[in-house]
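Novice: Just passing along the structure, written as structure tokens.
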Amino acid sequence: MNTHAIRVIYKYEMLRAWDTLLQSFASPVVSTSLYFVVFGSAIGSRIQQVEGVPYGLFIVPGLVMLALLTHSISNASFGIFFPKFTGTIYEVMSAPISFIEILIGYVGAAATKSLIIGIVILATAGFFVPLEIAHPVWMAGFLILTCISFSLFGFIIGLWADNFEKLQLIPLLIITPLVFLGGSFYSISMLPPVWQTVTLFNPVVYLISGFRWSFFEVSDVSVGLSLFMVLAFLTVCLLIVWWMFKTGYRLKQ
Amino acid sequence: MQPIVSVSNLSKTYTNGHQALKNVSLDIAPGEILALLGPNGAGKTTLISIICGIVNASAGSVSVDGHDIVTGYRVTRGMIGLVPQELTLGAFDTVWNTLCFSRGLFGMKPDPAYLEQLLRDLSLWSRKNSTLMSLSGGMKRRVLIGKALSHEPTVLFLDEPTAGVDVELRKAMWALVRRLRDSGVTIILTTHYIEEAEAIADRVGVINNGELLLVDDKLALMHKLGKRQLIIELEEPVSQLPEMLTNRALELSNDGGKLTYTYDPHKSDTGISALLQAISEAGLQLKDLQTTQSTLEDIFVSLVKANEPLINSSCRRKPASNALKDMGSGIRRNDES
Ligand SMILES: Nc1ncnc2c1ncn2[C@@H]1O[C@H](COP(=O)(O)OP(=O)(O)O)[C@@H](O)[C@H]1O
Ligand SMILES: [Mg+2]
């Protein structure tokens, strides 16, 4: 195991966030605060409670997930896309390093950054609403698994994309809609029955539902199913990445 | 002696169908400087990229110090340093950080003392905290060399280290390459300047259109290929060569106004004095003298002619490419100096 290589890649990627500290960690705080002002106060004052949970509190897990998903994907995809774009990737490719080590370095760093962002958002939320977490271990588990699997997903996008448009395409056209329609700001049970069924095809629903359950013990689907879906997504991403490295996809001619 | 790098029957066809390497075999001896000489598009970068693990070969194999580059990639890549052709560097990293990164990437534990010495040798120590984007082109090239040497490789690939570099820097680069060789590093460099190969290589491989046309000791190659011509313009045209000049390597132009003498500039006696004397003894008046050196273009033409059955169709495809003009200019500069 080339641990030195993992260490320098990880450190490099973490330093990149440090250099843009404001953008990396302050912007989630600002946007979360805005969500609280708009959804929590303005709309929440009319909705009041969802499934017995005050609306301001109810949206916290969804907000965290929204940030985790977007940041995991953008961080990880950019981390691998940029060296590809500038050509500096040649060095990683010529180094005595296996795909698992590259993966641990890049995806590990992206996941760490997302995790920090998730914690920052939770702390910010604590200023607006009285946070209580029913199942802290489950909460942490969902948090970490989500960071890892979506960083992996971002890594795949970064490998796949050969221009900046493609890099933005999937987050913009697929992930953002899925998250917004995934029950971040409402309970699935608030939808008409037909849409409830349609929604079950949205993987993000399972994520948010499970994560929310670990806070309030209310969920749209069973928590076991949520966990299964997260692990299934992780496995699929791992398989895709493994195949990409095996074939040298978009890296080696 | 066991070769440090052994390339056998290597071929590469890119996904667009272009065949960049055709059955290349090559052994590189430990401690030598090998120059791969060839025009743009010859396949030099492709060959290096395969050995370093950046491009997959279509057929054939490469071993480094007896280890296969695919199955034994951890060993082989750890032994190799690569300075790429393009100045591919991050913009915001500092010189010091990028060297530390490279060293770690190649699995070596941090060694600030070694890296400091390396930066001093490359005259970069004073710039160790500069961001890469603030450096000049020459400095960037040296940073790339520093990165390639950061993990103390035994084999160093330099892909066109002096392309677009002024004469001064080029000389400095050659001195650096020699120093590295003296410290025991095997060096493979690519170039399209014949003078560069002549200046620093121990052996020269000539590559064109994906084929390794020949590999030979530099001196032998220069003797074989580096012919020079003396063109003698006569005051009065003659209809035929005087009797006493016929046994020399002389050619008379069609109009009878010019004599062309072909000689080997590397020989201690080029025969020029004797020739000039003979000419004046024959009673011919000289109007002007001029020497020309065979350019790489001429060399390729002669090599291609020699290998006609092997190469003909592929070589005809781009007869007057810019690459060849490029090479010509490299040679002419040599003549001036
Ligand atoms: N990724 C690629 N895809 C397709 N063709 C390529 C690729 N890289 C190089 N080539 C082609 O292969 C040939 C050899 O290229 P290269 O090895 O870069 O030559 P050199 O380094 O001698 O200039 C050229 O004709 C070039 O256009
Ligand atoms: Mg090249």
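So you can find residues: chains in the structure tokens are A, B, ... in the order shown, residues in each start at 1, and ligands are numbered from 1 in order.
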Can you check which parts of chain B lie within 12 Å of ligand 2? Per residue, the shortest pair of atoms and distance in Å to one decimal, counting only C-alpha atoms and all ligand atoms, sorted by chain and number, as JSON lines.

Specialist:
```
{"residue": "B:Ala20", "atom": "CA", "partner": "ligand 2", "partner_atom_place_in_ligand_line": "1 (Mg)", "distance": 11.2}
{"residue": "B:Leu36", "atom": "CA", "partner": "ligand 2", "partner_atom_place_in_ligand_line": "1 (Mg)", "distance": 10.5}
{"residue": "B:Leu37", "atom": "CA", "partner": "ligand 2", "partner_atom_place_in_ligand_line": "1 (Mg)", "distance": 10.6}
{"residue": "B:Gly38", "atom": "CA", "partner": "ligand 2", "partner_atom_place_in_ligand_line": "1 (Mg)", "distance": 9.3}
{"residue": "B:Pro39", "atom": "CA", "partner": "ligand 2", "partner_atom_place_in_ligand_line": "1 (Mg)", "distance": 8.8}
{"residue": "B:Asn40", "atom": "CA", "partner": "ligand 2", "partner_atom_place_in_ligand_line": "1 (Mg)", "distance": 6.4}
{"residue": "B:Gly41", "atom": "CA", "partner": "ligand 2", "partner_atom_place_in_ligand_line": "1 (Mg)", "distance": 6.7}
{"residue": "B:Ala42", "atom": "CA", "partner": "ligand 2", "partner_atom_place_in_ligand_line": "1 (Mg)", "distance": 7.8}
{"residue": "B:Gly43", "atom": "CA", "partner": "ligand 2", "partner_atom_place_in_ligand_line": "1 (Mg)", "distance": 6.9}
{"residue": "B:Lys44", "atom": "CA", "partner": "ligand 2", "partner_atom_place_in_ligand_line": "1 (Mg)", "distance": 5.4}
{"residue": "B:Thr45", "atom": "CA", "partner": "ligand 2", "partner_atom_place_in_ligand_line": "1 (Mg)", "distance": 4.1}
{"residue": "B:Thr46", "atom": "CA", "partner": "ligand 2", "partner_atom_place_in_ligand_line": "1 (Mg)", "distance": 7.2}
{"residue": "B:Leu47", "atom": "CA", "partner": "ligand 2", "partner_atom_place_in_ligand_line": "1 (Mg)", "distance": 9.2}
{"residue": "B:Ile48", "atom": "CA", "partner": "ligand 2", "partner_atom_place_in_ligand_line": "1 (Mg)", "distance": 8.9}
{"residue": "B:Ser49", "atom": "CA", "partner": "ligand 2", "partner_atom_place_in_ligand_line": "1 (Mg)", "distance": 9.6}
{"residue": "B:Val83", "atom": "CA", "partner": "ligand 2", "partner_atom_place_in_ligand_line": "1 (Mg)", "distance": 11.5}
{"residue": "B:Pro84", "atom": "CA", "partner": "ligand 2", "partner_atom_place_in_ligand_line": "1 (Mg)", "distance": 8.7}
{"residue": "B:Gln85", "atom": "CA", "partner": "ligand 2", "partner_atom_place_in_ligand_line": "1 (Mg)", "distance": 6.2}
{"residue": "B:Glu86", "atom": "CA", "partner": "ligand 2", "partner_atom_place_in_ligand_line": "1 (Mg)", "distance": 8.7}
{"residue": "B:Phe157", "atom": "CA", "partner": "ligand 2", "partner_atom_place_in_ligand_line": "1 (Mg)", "distance": 11.9}
{"residue": "B:Leu158", "atom": "CA", "partner": "ligand 2", "partner_atom_place_in_ligand_line": "1 (Mg)", "distance": 10.3}
{"residue": "B:Asp159", "atom": "CA", "partner": "ligand 2", "partner_atom_place_in_ligand_line": "1 (Mg)", "distance": 6.6}
{"residue": "B:Glu160", "atom": "CA", "partner": "ligand 2", "partner_atom_place_in_ligand_line": "1 (Mg)", "distance": 6.9}
{"residue": "B:Pro161", "atom": "CA", "partner": "ligand 2", "partner_atom_place_in_ligand_line": "1 (Mg)", "distance": 10.4}
{"residue": "B:Thr162", "atom": "CA", "partner": "ligand 2", "partner_atom_place_in_ligand_line": "1 (Mg)", "distance": 11.9}
{"residue": "B:Ala163", "atom": "CA", "partner": "ligand 2", "partner_atom_place_in_ligand_line": "1 (Mg)", "distance": 10.0}
{"residue": "B:Leu189", "atom": "CA", "partner": "ligand 2", "partner_atom_place_in_ligand_line": "1 (Mg)", "distance": 10.6}
{"residue": "B:Thr190", "atom": "CA", "partner": "ligand 2", "partner_atom_place_in_ligand_line": "1 (Mg)", "distance": 7.7}
{"residue": "B:Thr191", "atom": "CA", "partner": "ligand 2", "partner_atom_place_in_ligand_line": "1 (Mg)", "distance": 8.4}
{"residue": "B:His192", "atom": "CA", "partner": "ligand 2", "partner_atom_place_in_ligand_line": "1 (Mg)", "distance": 9.4}
{"residue": "B:Ile207", "atom": "CA", "partner": "ligand 2", "partner_atom_place_in_ligand_line": "1 (Mg)", "distance": 11.6}
{"residue": "B:Asn208", "atom": "CA", "partner": "ligand 2", "partner_atom_place_in_ligand_line": "1 (Mg)", "distance": 11.9}
{"residue": "B:Gly210", "atom": "CA", "partner": "ligand 2", "partner_atom_place_in_ligand_line": "1 (Mg)", "distance": 11.8}
{"residue": "B:Ala323", "atom": "CA", "partner": "ligand 2", "partner_atom_place_in_ligand_line": "1 (Mg)", "distance": 11.2}
```

Novice: What does the file look like for those residues with C-alpha atoms, as a CSV table (one decimal), in the first residue's frame?

Specialist:
```
chain,number,residue,atom,x,y,z
B,20,ALA,CA,1.7,5.7,-33.5
B,36,LEU,CA,15.4,9.6,-29.4
B,37,LEU,CA,15.6,11.8,-32.5
B,38,GLY,CA,12.6,12.3,-34.7
B,39,PRO,CA,10.2,14.9,-36.1
B,40,ASN,CA,7.0,15.9,-34.5
B,41,GLY,CA,4.5,13.1,-34.7
B,42,ALA,CA,7.1,10.4,-34.9
B,43,GLY,CA,5.8,8.6,-31.8
B,44,LYS,CA,8.5,9.7,-29.3
B,45,THR,CA,6.0,10.9,-26.7
B,46,THR,CA,3.8,7.8,-27.2
B,47,LEU,CA,6.8,5.5,-26.6
B,48,ILE,CA,7.7,7.3,-23.4
B,49,SER,CA,4.1,7.5,-22.2
B,83,VAL,CA,9.6,15.3,-17.4
B,84,PRO,CA,6.7,15.7,-19.8
B,85,GLN,CA,6.8,17.7,-23.0
B,86,GLU,CA,4.2,20.2,-22.0
B,157,PHE,CA,12.7,10.5,-19.2
B,158,LEU,CA,13.0,14.0,-20.6
B,159,ASP,CA,10.5,14.6,-23.4
B,160,GLU,CA,11.8,17.5,-25.5
B,161,PRO,CA,13.5,19.3,-22.7
B,162,THR,CA,14.8,22.1,-24.8
B,163,ALA,CA,11.9,22.7,-27.3
B,189,LEU,CA,15.6,12.3,-23.9
B,190,THR,CA,13.6,13.0,-27.0
B,191,THR,CA,14.5,15.8,-29.4
B,192,HIS,CA,14.1,17.0,-32.9
B,207,ILE,CA,12.4,7.3,-35.0
B,208,ASN,CA,10.0,8.3,-37.7
B,210,GLY,CA,6.2,5.1,-35.4
B,323,ALA,CA,8.3,19.2,-38.3
```

Novice: Can you list, as a PyMOL selection string, every residue of region 74-117 of chain A that DSSP puts in helix (DSSP H, G or I)?

Specialist: chain A and resi 74-86+89-93+99-117

Novice: Would you put the residues from that selection into a file with N, CA, C and O atoms, as a short mmCIF file (atom, residue, chain, number, x, y, z; two decimals), in the first residue's frame?

Specialist:
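Ended up saving to again_30.cif:
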```cif
data_model
loop_
_atom_site.label_atom_id
_atom_site.label_comp_id
_atom_site.auth_asym_id
_atom_site.auth_seq_id
_atom_site.Cartn_x
_atom_site.Cartn_y
_atom_site.Cartn_z
N SER A 74 -19.71 18.08 -6.24
CA SER A 74 -18.90 19.12 -6.89
C SER A 74 -17.43 19.03 -6.45
O SER A 74 -16.52 19.16 -7.26
N ASN A 75 -17.22 18.74 -5.18
CA ASN A 75 -15.85 18.61 -4.68
C ASN A 75 -15.09 17.49 -5.35
O ASN A 75 -13.98 17.66 -5.85
N ALA A 76 -15.70 16.31 -5.33
CA ALA A 76 -15.01 15.14 -5.87
C ALA A 76 -14.86 15.23 -7.38
O ALA A 76 -13.81 14.86 -7.93
N SER A 77 -15.89 15.73 -8.07
CA SER A 77 -15.79 15.77 -9.52
C SER A 77 -14.73 16.78 -9.94
O SER A 77 -13.92 16.52 -10.82
N PHE A 78 -14.71 17.92 -9.26
CA PHE A 78 -13.71 18.93 -9.61
C PHE A 78 -12.29 18.45 -9.29
O PHE A 78 -11.36 18.67 -10.06
N GLY A 79 -12.17 17.76 -8.14
CA GLY A 79 -10.85 17.29 -7.70
C GLY A 79 -10.15 16.42 -8.73
O GLY A 79 -8.94 16.51 -8.90
N ILE A 80 -10.91 15.60 -9.45
CA ILE A 80 -10.27 14.73 -10.45
C ILE A 80 -10.36 15.33 -11.84
O ILE A 80 -9.49 15.10 -12.68
N PHE A 81 -11.40 16.14 -12.08
CA PHE A 81 -11.53 16.75 -13.42
C PHE A 81 -10.42 17.76 -13.68
O PHE A 81 -9.85 17.80 -14.77
N PHE A 82 -10.10 18.55 -12.66
CA PHE A 82 -9.16 19.65 -12.88
C PHE A 82 -7.77 19.18 -13.30
O PHE A 82 -7.23 19.68 -14.29
N PRO A 83 -7.16 18.22 -12.60
CA PRO A 83 -5.86 17.72 -13.09
C PRO A 83 -5.95 17.10 -14.48
O PRO A 83 -4.99 17.16 -15.25
N LYS A 84 -7.10 16.53 -14.78
CA LYS A 84 -7.29 15.99 -16.13
C LYS A 84 -7.30 17.13 -17.13
O LYS A 84 -6.71 17.06 -18.20
N PHE A 85 -7.97 18.20 -16.75
CA PHE A 85 -8.12 19.37 -17.62
C PHE A 85 -6.78 20.07 -17.85
O PHE A 85 -6.44 20.44 -18.97
N THR A 86 -5.99 20.23 -16.78
CA THR A 86 -4.71 20.94 -16.91
C THR A 86 -3.59 20.02 -17.39
O THR A 86 -2.55 20.49 -17.79
N ILE A 89 -2.56 15.40 -14.38
CA ILE A 89 -2.92 14.03 -14.02
C ILE A 89 -1.84 13.04 -14.46
O ILE A 89 -1.74 11.93 -13.95
N TYR A 90 -0.99 13.46 -15.43
CA TYR A 90 0.06 12.57 -15.92
C TYR A 90 0.88 12.01 -14.77
O TYR A 90 1.33 10.87 -14.78
N GLU A 91 1.05 12.87 -13.75
CA GLU A 91 1.93 12.47 -12.66
C GLU A 91 1.31 11.35 -11.83
O GLU A 91 1.98 10.38 -11.46
N VAL A 92 0.02 11.48 -11.56
CA VAL A 92 -0.68 10.44 -10.80
C VAL A 92 -0.66 9.14 -11.60
O VAL A 92 -0.46 8.06 -11.06
N MET A 93 -0.86 9.28 -12.93
CA MET A 93 -0.92 8.07 -13.74
C MET A 93 0.43 7.38 -13.87
O MET A 93 0.49 6.17 -14.10
N PHE A 99 -5.47 1.92 -8.16
CA PHE A 99 -6.69 2.71 -8.28
C PHE A 99 -7.35 2.88 -6.91
O PHE A 99 -7.95 3.90 -6.62
N ILE A 100 -7.19 1.89 -6.07
CA ILE A 100 -7.79 2.00 -4.73
C ILE A 100 -7.13 3.14 -3.96
O ILE A 100 -7.80 3.91 -3.27
N GLU A 101 -5.84 3.27 -4.12
CA GLU A 101 -5.14 4.33 -3.41
C GLU A 101 -5.53 5.71 -3.94
O GLU A 101 -5.74 6.65 -3.16
N ILE A 102 -5.65 5.82 -5.26
CA ILE A 102 -6.10 7.09 -5.84
C ILE A 102 -7.49 7.43 -5.30
O ILE A 102 -7.77 8.55 -4.89
N LEU A 103 -8.32 6.41 -5.28
CA LEU A 103 -9.70 6.58 -4.82
C LEU A 103 -9.74 7.04 -3.36
O LEU A 103 -10.45 7.98 -3.02
N ILE A 104 -8.97 6.37 -2.52
CA ILE A 104 -8.99 6.74 -1.10
C ILE A 104 -8.54 8.19 -0.93
O ILE A 104 -9.13 8.94 -0.17
N GLY A 105 -7.52 8.57 -1.68
CA GLY A 105 -7.02 9.93 -1.58
C GLY A 105 -8.05 10.97 -1.99
O GLY A 105 -8.42 11.85 -1.22
N TYR A 106 -8.55 10.83 -3.21
CA TYR A 106 -9.45 11.85 -3.75
C TYR A 106 -10.84 11.81 -3.10
O TYR A 106 -11.38 12.82 -2.67
N VAL A 107 -11.41 10.60 -3.06
CA VAL A 107 -12.77 10.48 -2.53
C VAL A 107 -12.77 10.70 -1.02
O VAL A 107 -13.68 11.33 -0.47
N GLY A 108 -11.72 10.21 -0.37
CA GLY A 108 -11.62 10.42 1.07
C GLY A 108 -11.61 11.91 1.42
O GLY A 108 -12.30 12.35 2.34
N ALA A 109 -10.83 12.67 0.66
CA ALA A 109 -10.76 14.11 0.94
C ALA A 109 -12.09 14.79 0.66
O ALA A 109 -12.57 15.59 1.47
N ALA A 110 -12.72 14.43 -0.46
CA ALA A 110 -14.01 15.06 -0.80
C ALA A 110 -15.04 14.71 0.27
O ALA A 110 -15.82 15.57 0.71
N ALA A 111 -15.04 13.46 0.70
CA ALA A 111 -16.02 13.03 1.71
C ALA A 111 -15.76 13.74 3.03
O ALA A 111 -16.70 14.15 3.72
N THR A 112 -14.50 13.90 3.38
CA THR A 112 -14.18 14.61 4.62
C THR A 112 -14.70 16.04 4.59
O THR A 112 -15.29 16.52 5.56
N LYS A 113 -14.47 16.69 3.45
CA LYS A 113 -14.92 18.07 3.33
C LYS A 113 -16.44 18.15 3.45
O LYS A 113 -16.98 19.03 4.14
N SER A 114 -17.13 17.24 2.80
CA SER A 114 -18.60 17.24 2.89
C SER A 114 -19.04 17.01 4.32
O SER A 114 -20.00 17.62 4.79
N LEU A 115 -18.36 16.10 4.98
CA LEU A 115 -18.71 15.80 6.37
C LEU A 115 -18.58 17.06 7.23
O LEU A 115 -19.46 17.37 8.04
N ILE A 116 -17.49 17.78 7.02
CA ILE A 116 -17.30 19.02 7.77
C ILE A 116 -18.44 19.99 7.47
O ILE A 116 -19.02 20.60 8.37
N ILE A 117 -18.77 20.09 6.18
CA ILE A 117 -19.87 20.98 5.80
C ILE A 117 -21.17 20.55 6.47
O ILE A 117 -21.92 21.38 6.99
#
```

Novice: Which residues of chain A are close to chain B, meaning at most 8 Å apart when you count only C-alpha atoms, and how do they look as a compact mmCIF listing (two decimals) with all heavy atoms, in the first residue's frame?

Specialist:
```txt
# COMPACT_ATOMS: atom_id res chain seq x y z
N ASN A 2 0.66 2.10 -0.97
CA ASN A 2 1.45 3.33 -1.06
C ASN A 2 0.78 4.41 -0.19
O ASN A 2 0.09 5.30 -0.67
CB ASN A 2 1.51 3.77 -2.53
CG ASN A 2 2.45 4.94 -2.74
OD1 ASN A 2 2.86 5.60 -1.79
ND2 ASN A 2 2.78 5.20 -3.98
N THR A 3 1.02 4.31 1.12
CA THR A 3 0.33 5.23 2.04
C THR A 3 0.82 6.67 1.89
O THR A 3 0.07 7.60 2.13
CB THR A 3 0.53 4.79 3.50
OG1 THR A 3 1.92 4.54 3.70
CG2 THR A 3 -0.25 3.54 3.82
N HIS A 4 2.09 6.82 1.49
CA HIS A 4 2.60 8.17 1.28
C HIS A 4 1.80 8.88 0.19
O HIS A 4 1.50 10.06 0.29
CB HIS A 4 4.08 8.14 0.90
CG HIS A 4 4.97 7.71 2.02
ND1 HIS A 4 5.12 8.46 3.17
CD2 HIS A 4 5.72 6.61 2.19
CE1 HIS A 4 5.95 7.84 3.99
NE2 HIS A 4 6.33 6.71 3.42
N ALA A 5 1.49 8.12 -0.85
CA ALA A 5 0.74 8.71 -1.96
C ALA A 5 -0.67 9.10 -1.51
O ALA A 5 -1.15 10.19 -1.82
CB ALA A 5 0.66 7.72 -3.13
N ILE A 6 -1.31 8.21 -0.78
CA ILE A 6 -2.66 8.53 -0.28
C ILE A 6 -2.60 9.80 0.56
O ILE A 6 -3.42 10.71 0.42
CB ILE A 6 -3.22 7.36 0.57
CG1 ILE A 6 -3.34 6.11 -0.28
CG2 ILE A 6 -4.56 7.75 1.18
CD1 ILE A 6 -3.78 4.88 0.50
N ARG A 7 -1.59 9.87 1.39
CA ARG A 7 -1.46 11.01 2.29
C ARG A 7 -1.30 12.32 1.52
O ARG A 7 -1.98 13.31 1.80
CB ARG A 7 -0.26 10.80 3.23
CG ARG A 7 -0.09 11.86 4.31
CD ARG A 7 1.13 11.54 5.19
NE ARG A 7 2.34 11.31 4.40
CZ ARG A 7 3.09 12.27 3.88
NH1 ARG A 7 2.79 13.52 4.09
NH2 ARG A 7 4.16 11.98 3.16
N VAL A 8 -0.42 12.32 0.51
CA VAL A 8 -0.20 13.59 -0.19
C VAL A 8 -1.42 14.00 -1.03
O VAL A 8 -1.73 15.18 -1.13
CB VAL A 8 1.09 13.61 -1.06
CG1 VAL A 8 2.32 13.58 -0.18
CG2 VAL A 8 1.11 12.52 -2.09
N ILE A 9 -2.10 13.02 -1.62
CA ILE A 9 -3.29 13.37 -2.40
C ILE A 9 -4.36 13.94 -1.46
O ILE A 9 -4.96 14.99 -1.72
CB ILE A 9 -3.86 12.14 -3.16
CG1 ILE A 9 -2.89 11.70 -4.26
CG2 ILE A 9 -5.22 12.48 -3.77
CD1 ILE A 9 -3.32 10.47 -5.00
N TYR A 12 -3.34 17.34 -0.24
CA TYR A 12 -3.44 18.32 -1.32
C TYR A 12 -4.89 18.76 -1.51
O TYR A 12 -5.19 19.95 -1.62
CB TYR A 12 -2.90 17.71 -2.62
CG TYR A 12 -2.91 18.65 -3.79
CD1 TYR A 12 -1.83 19.49 -4.02
CD2 TYR A 12 -4.00 18.71 -4.65
CE1 TYR A 12 -1.84 20.37 -5.07
CE2 TYR A 12 -4.02 19.59 -5.71
CZ TYR A 12 -2.93 20.41 -5.93
OH TYR A 12 -2.94 21.29 -6.97
N PRO A 83 -7.16 18.22 -12.60
CA PRO A 83 -5.86 17.72 -13.09
C PRO A 83 -5.95 17.10 -14.48
O PRO A 83 -4.99 17.16 -15.25
CB PRO A 83 -5.45 16.66 -12.06
CG PRO A 83 -6.51 16.59 -11.06
CD PRO A 83 -7.54 17.63 -11.32
N THR A 86 -5.99 20.23 -16.78
CA THR A 86 -4.71 20.94 -16.91
C THR A 86 -3.59 20.02 -17.39
O THR A 86 -2.55 20.49 -17.79
CB THR A 86 -4.26 21.55 -15.57
OG1 THR A 86 -4.14 20.50 -14.61
CG2 THR A 86 -5.25 22.56 -15.06
N GLY A 87 -3.80 18.72 -17.31
CA GLY A 87 -2.77 17.79 -17.74
C GLY A 87 -1.90 17.27 -16.62
O GLY A 87 -1.08 16.38 -16.83
N THR A 88 -2.04 17.83 -15.42
CA THR A 88 -1.17 17.39 -14.32
C THR A 88 -1.48 15.97 -13.87
O THR A 88 -0.72 15.38 -13.11
CB THR A 88 -1.29 18.32 -13.10
OG1 THR A 88 -2.65 18.44 -12.75
CG2 THR A 88 -0.74 19.70 -13.40
N TYR A 90 -0.99 13.46 -15.43
CA TYR A 90 0.06 12.57 -15.92
C TYR A 90 0.88 12.01 -14.77
O TYR A 90 1.33 10.87 -14.78
CB TYR A 90 0.97 13.30 -16.92
CG TYR A 90 2.09 14.08 -16.27
CD1 TYR A 90 3.32 13.46 -15.98
CD2 TYR A 90 1.94 15.42 -15.89
CE1 TYR A 90 4.33 14.17 -15.33
CE2 TYR A 90 2.94 16.12 -15.28
CZ TYR A 90 4.14 15.49 -14.99
OH TYR A 90 5.13 16.17 -14.35
N GLU A 91 1.05 12.87 -13.75
CA GLU A 91 1.93 12.47 -12.66
C GLU A 91 1.31 11.35 -11.83
O GLU A 91 1.98 10.38 -11.46
CB GLU A 91 2.22 13.68 -11.77
CG GLU A 91 3.49 13.50 -11.00
CD GLU A 91 3.80 14.67 -10.09
OE1 GLU A 91 2.94 15.54 -9.89
OE2 GLU A 91 4.92 14.68 -9.56
N VAL A 92 0.02 11.48 -11.56
CA VAL A 92 -0.68 10.44 -10.80
C VAL A 92 -0.66 9.14 -11.60
O VAL A 92 -0.46 8.06 -11.06
CB VAL A 92 -2.12 10.88 -10.49
CG1 VAL A 92 -2.88 9.76 -9.79
CG2 VAL A 92 -2.11 12.14 -9.62
N MET A 93 -0.86 9.28 -12.93
CA MET A 93 -0.92 8.07 -13.74
C MET A 93 0.43 7.38 -13.87
O MET A 93 0.49 6.17 -14.10
CB MET A 93 -1.45 8.42 -15.13
CG MET A 93 -2.92 8.79 -15.10
SD MET A 93 -3.40 9.60 -16.60
CE MET A 93 -3.15 8.28 -17.75
N SER A 94 1.51 8.15 -13.73
CA SER A 94 2.83 7.53 -13.88
C SER A 94 3.40 7.12 -12.53
O SER A 94 4.52 6.64 -12.46
CB SER A 94 3.79 8.50 -14.59
OG SER A 94 4.00 9.64 -13.80
N ALA A 95 2.63 7.31 -11.46
CA ALA A 95 3.13 6.99 -10.12
C ALA A 95 2.83 5.54 -9.77
O ALA A 95 1.89 4.95 -10.29
CB ALA A 95 2.49 7.92 -9.10
N PRO A 96 3.64 4.97 -8.88
CA PRO A 96 3.40 3.58 -8.44
C PRO A 96 2.23 3.55 -7.46
O PRO A 96 2.43 3.41 -6.26
CB PRO A 96 4.72 3.19 -7.78
CG PRO A 96 5.32 4.48 -7.33
CD PRO A 96 4.84 5.54 -8.27
N ILE A 97 1.04 3.66 -7.97
CA ILE A 97 -0.13 3.82 -7.12
C ILE A 97 -1.29 3.08 -7.77
O ILE A 97 -1.45 3.10 -8.97
CB ILE A 97 -0.41 5.32 -6.90
CG1 ILE A 97 -1.66 5.56 -6.09
CG2 ILE A 97 -0.50 6.08 -8.21
CD1 ILE A 97 -1.81 7.02 -5.68
N LYS A 252 -6.57 6.63 -19.67
CA LYS A 252 -5.50 6.10 -20.51
C LYS A 252 -6.00 5.88 -21.91
O LYS A 252 -7.07 5.33 -22.11
CB LYS A 252 -5.05 4.74 -19.96
CG LYS A 252 -4.15 4.87 -18.76
CD LYS A 252 -3.46 3.55 -18.53
CE LYS A 252 -2.75 3.58 -17.21
NZ LYS A 252 -1.89 2.44 -17.00
N GLN A 253 -5.19 6.31 -22.89
CA GLN A 253 -5.56 5.98 -24.27
C GLN A 253 -5.11 4.56 -24.57
O GLN A 253 -4.05 4.17 -24.17
CB GLN A 253 -4.90 6.94 -25.26
CG GLN A 253 -5.48 8.32 -25.20
CD GLN A 253 -4.53 9.31 -24.60
OE1 GLN A 253 -3.39 8.97 -24.33
NE2 GLN A 253 -4.97 10.51 -24.34
```

Novice: Report the residues of region 56-140 of chain B whose backbone DSSP state falls under strand (DSSP E or B), written as number ranges by chain.

Specialist: B: 59-64, 67-68, 80-83, 94, 131

Novice: Excluding Gly118 (chain A) and its own-chain neighbours fewer than 3 positions away, which residues fall within 9 Å of it when counting only C-alpha atoms? Please give them as a list in words.

Specialist: Pro28, Val64, Met65, Ala67, Leu68, Lys113, Ser114, Leu115, Ile121, Leu122, Ala123, Leu143 and Cys147 of chain A

Novice: Using only C-alpha atoms, which of the listed residues (B:Ala199, B:Ala220, B:His18, B:Glu168) sits closest to His266 (chain B)?

Specialist: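 Distance minimum relative to His266 (chain B) lands on B:Ala220.
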
Novice: Using only C-alpha atoms, which residues sit within 7 Å of Glu236 (chain B) once same-chain residues fewer than 2 positions away are excluded, as a list in words?

Specialist: Leu234, Val238 and Gly257 of chain B

Novice: Applying 10 Å and only C-alpha atoms, which residues near Glu281 (chain B) remain after dropping the ones on its own chain fewer than 4 positions away? List them as a list in words.

Specialist: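 Here the qualifying residues turn out to be Met244, Leu245, Leu275, Leu276, Gln277 and Gln285 of chain B.
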
Novice: What is the CA of Val120 (chain A)-CA of Thr176 (chain A) distance in Å, reported with one decimal?

Specialist: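 Computing the Euclidean distance for CA of Val120 (chain A) and CA of Thr176 (chain A) yields 20.6 Å.
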
Novice: Compile the contact shell of Val177 (chain B) as a ChimeraX atom specification: residues with an atom at most 9 Å away, counting only C-alpha atoms, same-chain residues fewer than 3 positions apart removed.

Specialist: /B:33,172-174,180-182,187,200
